[in-house]
>>> print(open('model_19.pdb').read())   # PDB, C-alpha atoms and all ligand atoms
MODEL        1
ATOM      1  CA  MET M   1     -51.150  81.143  24.857  1.00  0.00           C
ATOM      2  CA  LYS M   2     -48.266  81.455  22.410  1.00  0.00           C
ATOM      3  CA  THR M   3     -46.376  83.643  24.894  1.00  0.00           C
ATOM      4  CA  MET M   4     -46.935  81.106  27.675  1.00  0.00           C
ATOM      5  CA  LEU M   5     -45.614  78.335  25.468  1.00  0.00           C
ATOM      6  CA  SER M   6     -42.514  80.402  24.602  1.00  0.00           C
ATOM      7  CA  ILE M   7     -41.839  81.030  28.295  1.00  0.00           C
ATOM      8  CA  LEU M   8     -42.297  77.330  29.094  1.00  0.00           C
ATOM      9  CA  ILE M   9     -39.863  76.348  26.326  1.00  0.00           C
ATOM     10  CA  ALA M  10     -37.356  78.956  27.528  1.00  0.00           C
ATOM     11  CA  VAL M  11     -37.561  77.700  31.123  1.00  0.00           C
ATOM     12  CA  CYS M  12     -37.097  74.092  29.995  1.00  0.00           C
ATOM     13  CA  ALA M  13     -34.136  75.104  27.822  1.00  0.00           C
ATOM     14  CA  VAL M  14     -32.468  76.862  30.742  1.00  0.00           C
ATOM     15  CA  PHE M  15     -33.071  73.827  32.939  1.00  0.00           C
ATOM     16  CA  PHE M  16     -31.751  71.277  30.446  1.00  0.00           C
ATOM     17  CA  PHE M  17     -28.747  73.283  29.350  1.00  0.00           C
ATOM     18  CA  SER M  18     -27.678  74.627  32.714  1.00  0.00           C
ATOM     19  CA  PRO M  19     -24.063  73.808  33.606  1.00  0.00           C
ATOM     20  CA  ALA M  20     -25.137  71.296  36.267  1.00  0.00           C
ATOM     21  CA  GLN M  21     -27.216  69.357  33.790  1.00  0.00           C
ATOM     22  CA  ALA M  22     -24.613  69.467  31.016  1.00  0.00           C
ATOM     23  CA  GLY M  23     -21.834  68.081  33.225  1.00  0.00           C
ATOM     24  CA  HIS M  24     -20.156  71.357  34.214  1.00  0.00           C
ATOM     25  CA  LYS M  25     -16.407  71.035  33.784  1.00  0.00           C
ATOM     26  CA  GLY M  26     -15.248  73.984  35.890  1.00  0.00           C
ATOM     27  CA  MET M  27     -14.215  73.709  39.505  1.00  0.00           C
ATOM     28  CA  SER M  28     -16.930  74.177  42.106  1.00  0.00           C
ATOM     29  CA  VAL M  29     -16.360  75.843  45.464  1.00  0.00           C
ATOM     30  CA  HIS M  30     -17.139  72.504  47.075  1.00  0.00           C
ATOM     31  CA  GLU M  31     -14.321  70.827  45.136  1.00  0.00           C
ATOM     32  CA  MET M  32     -11.908  73.534  46.234  1.00  0.00           C
ATOM     33  CA  HIS M  33     -12.928  73.017  49.840  1.00  0.00           C
ATOM     34  CA  ALA M  34     -12.347  69.302  49.360  1.00  0.00           C
ATOM     35  CA  MET M  35      -8.812  70.099  48.147  1.00  0.00           C
ATOM     36  CA  MET M  36      -8.232  72.226  51.239  1.00  0.00           C
ATOM     37  CA  ARG M  37      -9.381  69.371  53.463  1.00  0.00           C
ATOM     38  CA  LEU M  38      -6.948  67.050  51.746  1.00  0.00           C
ATOM     39  CA  MET M  39      -4.166  69.575  52.337  1.00  0.00           C
ATOM     40  CA  ASP M  40      -5.183  69.940  56.005  1.00  0.00           C
ATOM     41  CA  SER M  41      -4.945  66.190  56.541  1.00  0.00           C
ATOM     42  CA  ALA M  42      -1.610  66.066  54.707  1.00  0.00           C
ATOM     43  CA  LEU M  43      -0.232  68.820  56.957  1.00  0.00           C
ATOM     44  CA  CYS M  44      -1.329  66.913  60.074  1.00  0.00           C
ATOM     45  CA  GLU M  45       0.232  63.733  58.718  1.00  0.00           C
ATOM     46  CA  ALA M  46       3.549  65.438  58.001  1.00  0.00           C
ATOM     47  CA  LEU M  47       3.694  67.138  61.413  1.00  0.00           C
ATOM     48  CA  GLU M  48       2.896  63.897  63.211  1.00  0.00           C
ATOM     49  CA  GLY M  49       5.572  62.204  61.111  1.00  0.00           C
ATOM     50  CA  ALA M  50       8.122  64.856  62.079  1.00  0.00           C
ATOM     51  CA  ASN M  51       7.274  64.205  65.735  1.00  0.00           C
ATOM     52  CA  LEU M  52       7.797  60.463  65.317  1.00  0.00           C
ATOM     53  CA  GLN M  53      11.125  61.113  63.595  1.00  0.00           C
ATOM     54  CA  MET M  54      12.327  63.326  66.417  1.00  0.00           C
ATOM     55  CA  PHE M  55      11.153  60.875  69.041  1.00  0.00           C
ATOM     56  CA  GLY M  56      13.053  58.075  67.334  1.00  0.00           C
ATOM     57  CA  GLN M  57      16.151  60.211  66.842  1.00  0.00           C
ATOM     58  CA  MET M  58      16.329  60.792  70.588  1.00  0.00           C
ATOM     59  CA  GLY M  59      17.497  57.199  70.739  1.00  0.00           C
ATOM     60  CA  GLU M  60      15.747  56.283  73.950  1.00  0.00           C
ATOM     61  CA  SER M  61      13.303  53.648  72.738  1.00  0.00           C
ATOM     62  CA  GLY M  62      15.636  50.784  71.964  1.00  0.00           C
ATOM     63  CA  LYS M  63      14.713  48.759  68.921  1.00  0.00           C
ATOM     64  CA  VAL M  64      11.568  50.813  68.319  1.00  0.00           C
ATOM     65  CA  ASP M  65      13.629  53.930  67.447  1.00  0.00           C
ATOM     66  CA  LYS M  66      14.260  52.613  63.945  1.00  0.00           C
ATOM     67  CA  ASP M  67      10.534  52.052  63.326  1.00  0.00           C
ATOM     68  CA  LEU M  68       9.668  55.529  64.642  1.00  0.00           C
ATOM     69  CA  ILE M  69      12.182  57.154  62.309  1.00  0.00           C
ATOM     70  CA  GLU M  70      11.127  55.052  59.325  1.00  0.00           C
ATOM     71  CA  ARG M  71       7.396  55.662  59.780  1.00  0.00           C
ATOM     72  CA  GLY M  72       7.941  59.337  60.593  1.00  0.00           C
ATOM     73  CA  THR M  73      10.057  59.843  57.480  1.00  0.00           C
ATOM     74  CA  ASN M  74       7.401  58.201  55.303  1.00  0.00           C
ATOM     75  CA  MET M  75       4.641  60.345  56.811  1.00  0.00           C
ATOM     76  CA  VAL M  76       6.566  63.590  56.251  1.00  0.00           C
ATOM     77  CA  LYS M  77       7.297  62.570  52.681  1.00  0.00           C
ATOM     78  CA  GLU M  78       3.714  61.566  51.944  1.00  0.00           C
ATOM     79  CA  GLY M  79       2.282  64.708  53.543  1.00  0.00           C
ATOM     80  CA  LYS M  80       4.538  66.959  51.481  1.00  0.00           C
ATOM     81  CA  THR M  81       3.891  65.012  48.285  1.00  0.00           C
ATOM     82  CA  THR M  82       0.123  65.224  48.781  1.00  0.00           C
ATOM     83  CA  ILE M  83       0.249  69.008  49.205  1.00  0.00           C
ATOM     84  CA  LEU M  84       2.578  69.431  46.230  1.00  0.00           C
ATOM     85  CA  ASN M  85       0.352  67.240  44.057  1.00  0.00           C
ATOM     86  CA  ILE M  86      -2.718  69.271  44.931  1.00  0.00           C
ATOM     87  CA  LEU M  87      -0.951  72.575  44.238  1.00  0.00           C
ATOM     88  CA  ALA M  88       0.906  71.639  41.073  1.00  0.00           C
ATOM     89  CA  GLY M  89      -0.294  68.225  39.916  1.00  0.00           C
ATOM     90  CA  THR M  90      -1.902  67.265  36.623  1.00  0.00           C
ATOM     91  CA  GLU M  91      -5.404  67.957  37.928  1.00  0.00           C
ATOM     92  CA  MET M  92      -4.546  71.483  39.062  1.00  0.00           C
ATOM     93  CA  LYS M  93      -2.810  72.206  35.746  1.00  0.00           C
ATOM     94  CA  ALA M  94      -5.936  71.080  33.872  1.00  0.00           C
ATOM     95  CA  ILE M  95      -8.165  73.259  36.061  1.00  0.00           C
ATOM     96  CA  HIS M  96      -5.975  76.304  35.373  1.00  0.00           C
ATOM     97  CA  LYS M  97      -5.999  75.567  31.653  1.00  0.00           C
ATOM     98  CA  GLU M  98      -9.816  75.485  31.647  1.00  0.00           C
ATOM     99  CA  GLY M  99      -9.841  78.694  33.684  1.00  0.00           C
ATOM    100  CA  ASP M 100     -13.326  78.146  35.105  1.00  0.00           C
ATOM    101  CA  TYR M 101     -12.869  78.570  38.867  1.00  0.00           C
ATOM    102  CA  ASN M 102     -13.139  81.100  41.679  1.00  0.00           C
ATOM    103  CA  GLN M 103      -9.973  83.206  41.323  1.00  0.00           C
ATOM    104  CA  LYS M 104      -9.822  84.504  44.890  1.00  0.00           C
ATOM    105  CA  LEU M 105     -10.372  81.057  46.398  1.00  0.00           C
ATOM    106  CA  MET M 106      -7.719  79.580  44.114  1.00  0.00           C
ATOM    107  CA  LEU M 107      -5.170  82.235  45.129  1.00  0.00           C
ATOM    108  CA  ASP M 108      -5.967  81.596  48.809  1.00  0.00           C
ATOM    109  CA  LEU M 109      -5.661  77.839  48.308  1.00  0.00           C
ATOM    110  CA  HIS M 110      -2.176  78.208  46.771  1.00  0.00           C
ATOM    111  CA  ALA M 111      -1.059  80.664  49.472  1.00  0.00           C
ATOM    112  CA  LEU M 112      -2.291  78.250  52.155  1.00  0.00           C
ATOM    113  CA  GLY M 113      -0.511  75.298  50.544  1.00  0.00           C
ATOM    114  CA  ASP M 114       2.764  77.225  50.244  1.00  0.00           C
ATOM    115  CA  ARG M 115       2.571  78.140  53.919  1.00  0.00           C
ATOM    116  CA  MET M 116       1.832  74.552  54.878  1.00  0.00           C
ATOM    117  CA  LEU M 117       4.953  73.378  53.066  1.00  0.00           C
ATOM    118  CA  HIS M 118       6.915  76.131  54.792  1.00  0.00           C
ATOM    119  CA  VAL M 119       5.615  75.021  58.219  1.00  0.00           C
ATOM    120  CA  ILE M 120       6.638  71.408  57.562  1.00  0.00           C
ATOM    121  CA  GLU M 121      10.124  72.493  56.478  1.00  0.00           C
ATOM    122  CA  GLU M 122      10.506  74.756  59.525  1.00  0.00           C
ATOM    123  CA  VAL M 123       9.439  71.946  61.865  1.00  0.00           C
ATOM    124  CA  GLU M 124      11.944  69.570  60.265  1.00  0.00           C
ATOM    125  CA  LYS M 125      14.674  72.196  60.573  1.00  0.00           C
ATOM    126  CA  LEU M 126      13.884  72.930  64.211  1.00  0.00           C
ATOM    127  CA  HIS M 127      13.787  69.235  65.088  1.00  0.00           C
ATOM    128  CA  GLY M 128      17.184  68.816  63.441  1.00  0.00           C
ATOM    129  CA  GLU M 129      18.614  71.690  65.470  1.00  0.00           C
ATOM    130  CA  ALA M 130      17.108  70.327  68.695  1.00  0.00           C
ATOM    131  CA  LEU M 131      18.597  66.942  67.967  1.00  0.00           C
ATOM    132  CA  ASN M 132      22.036  68.469  67.397  1.00  0.00           C
ATOM    133  CA  GLN M 133      21.814  70.275  70.744  1.00  0.00           C
ATOM    134  CA  VAL M 134      20.775  67.099  72.553  1.00  0.00           C
ATOM    135  CA  SER M 135      23.627  65.122  71.041  1.00  0.00           C
ATOM    136  CA  GLY M 136      26.059  67.981  71.812  1.00  0.00           C
ATOM    137  CA  LYS M 137      27.033  68.741  68.192  1.00  0.00           C
TER     138      LYS M 137
HETATM  139 CU    CU H   1      -4.587  76.330  41.334  1.00  0.00          CU
ENDMDL
END
>>> encode(input="model_19.pdb", output="structure tokens")
Amino acid sequence: MKTMLSILIAVCAVFFFSPAQAGHKGMSVHEMHAMMRLMDSALCEALEGANLQMFGQMGESGKVDKDLIERGTNMVKEGKTTILNILAGTEMKAIHKEGDYNQKLMLDLHALGDRMLHVIEEVEKLHGEALNQVSGK
């Protein structure tokens, strides 16, 4: 009976003091996936913004050109800022300081984010070059 009681106490202790019950501070895989989803949406936003910019810069939509360029510029800026904040913002710095996360997933997340930023910059560059060719510069 004493052994049974000891086992019961041990099981309860494990249950009550498990990380989930004690408000685990580390980063879960689910949270990292959520960060990736945020980065995915930011990439889409920036690419769509770059398209609007280019469309407006073509100068074929009259008074709407200005709005296309303005909105496109804001979307590119916000998309980039969102990715940068996820990769190097206060929250990420705190997570790294705590050190309680999946190392491989974190490395992959940073590599993905860096590539996303690179894609956005390449698209902007290419659009700029295309625009120069169109305008004969
Ligand atoms: Cu990180």
>>> closest_residue(input="model_19.pdb", among="M:Leu105, M:Met92, M:Met75, M:Ala130", to="M:Leu47", atoms="all atoms listed in the file")
M:Met75
>>> residues_near_point(input="model_19.pdb", point="(5.1, 72.2, 64.5)", cutoff="9 Å", atoms="all atoms listed in the file", output="number ranges by chain")
M: 47-48, 50-51, 119-120, 122-124, 126
>>> residues_near_ligand(input="model_19.pdb", ligand="ligand CU 1 (chain H)", cutoff="12 Å", atoms="all atoms listed in the file", output="ChimeraX atom specification")
/M:27,31-32,35-36,83-114
>>> write_last_selection(input="model_19.pdb", atoms="C-alpha atoms", output="PDB file, in the coordinates of the input")
ATOM      1  CA  MET M  27     -14.215  73.709  39.505  1.00  0.00           C
ATOM      2  CA  GLU M  31     -14.321  70.827  45.136  1.00  0.00           C
ATOM      3  CA  MET M  32     -11.908  73.534  46.234  1.00  0.00           C
ATOM      4  CA  MET M  35      -8.812  70.099  48.147  1.00  0.00           C
ATOM      5  CA  MET M  36      -8.232  72.226  51.239  1.00  0.00           C
ATOM      6  CA  ILE M  83       0.249  69.008  49.205  1.00  0.00           C
ATOM      7  CA  LEU M  84       2.578  69.431  46.230  1.00  0.00           C
ATOM      8  CA  ASN M  85       0.352  67.240  44.057  1.00  0.00           C
ATOM      9  CA  ILE M  86      -2.718  69.271  44.931  1.00  0.00           C
ATOM     10  CA  LEU M  87      -0.951  72.575  44.238  1.00  0.00           C
ATOM     11  CA  ALA M  88       0.906  71.639  41.073  1.00  0.00           C
ATOM     12  CA  GLY M  89      -0.294  68.225  39.916  1.00  0.00           C
ATOM     13  CA  THR M  90      -1.902  67.265  36.623  1.00  0.00           C
ATOM     14  CA  GLU M  91      -5.404  67.957  37.928  1.00  0.00           C
ATOM     15  CA  MET M  92      -4.546  71.483  39.062  1.00  0.00           C
ATOM     16  CA  LYS M  93      -2.810  72.206  35.746  1.00  0.00           C
ATOM     17  CA  ALA M  94      -5.936  71.080  33.872  1.00  0.00           C
ATOM     18  CA  ILE M  95      -8.165  73.259  36.061  1.00  0.00           C
ATOM     19  CA  HIS M  96      -5.975  76.304  35.373  1.00  0.00           C
ATOM     20  CA  LYS M  97      -5.999  75.567  31.653  1.00  0.00           C
ATOM     21  CA  GLU M  98      -9.816  75.485  31.647  1.00  0.00           C
ATOM     22  CA  GLY M  99      -9.841  78.694  33.684  1.00  0.00           C
ATOM     23  CA  ASP M 100     -13.326  78.146  35.105  1.00  0.00           C
ATOM     24  CA  TYR M 101     -12.869  78.570  38.867  1.00  0.00           C
ATOM     25  CA  ASN M 102     -13.139  81.100  41.679  1.00  0.00           C
ATOM     26  CA  GLN M 103      -9.973  83.206  41.323  1.00  0.00           C
ATOM     27  CA  LYS M 104      -9.822  84.504  44.890  1.00  0.00           C
ATOM     28  CA  LEU M 105     -10.372  81.057  46.398  1.00  0.00           C
ATOM     29  CA  MET M 106      -7.719  79.580  44.114  1.00  0.00           C
ATOM     30  CA  LEU M 107      -5.170  82.235  45.129  1.00  0.00           C
ATOM     31  CA  ASP M 108      -5.967  81.596  48.809  1.00  0.00           C
ATOM     32  CA  LEU M 109      -5.661  77.839  48.308  1.00  0.00           C
ATOM     33  CA  HIS M 110      -2.176  78.208  46.771  1.00  0.00           C
ATOM     34  CA  ALA M 111      -1.059  80.664  49.472  1.00  0.00           C
ATOM     35  CA  LEU M 112      -2.291  78.250  52.155  1.00  0.00           C
ATOM     36  CA  GLY M 113      -0.511  75.298  50.544  1.00  0.00           C
ATOM     37  CA  ASP M 114       2.764  77.225  50.244  1.00  0.00           C
TER      38      ASP M 114
END
>>> residues_around(input="model_19.pdb", residues="stretch 63-73 of chain M", least_positions_apart="5", cutoff="7 Å", atoms="only C-alpha atoms", output="PyMOL selection string")
chain M and resi 49-50+52-53+56-57
>>> closest_residue(input="model_19.pdb", among="M:Glu121, M:His127, M:Ser135, M:Gly79", to="M:Cys44", atoms="all atoms listed in the file")
M:Gly79
>>> closest_residue(input="model_19.pdb", among="M:His118, M:Glu129, M:Asn74, M:His30", to="M:Ala46", atoms="all atoms listed in the file")
M:Asn74
>>> atom_distance(input="model_19.pdb", atom1="atom CA of M:Gly59", atom2="atom CA of M:Gln133")
13.8 Å
>>> atom_distance(input="model_19.pdb", atom1="atom CA of M:Leu43", atom2="atom CA of M:Lys80")
7.5 Å
>>> axis_aligned_box(input="model_19.pdb", around="stretch 112-119 of chain M", padding_each_side="3 Å", output="JSON")
{"center_x": 2.3, "center_y": 75.8, "center_z": 54.2, "size_x": 15.2, "size_y": 10.9, "size_z": 14.0}
>>> atom_distance(input="model_19.pdb", atom1="atom CA of M:Met39", atom2="atom CA of M:Thr82")
7.1 Å
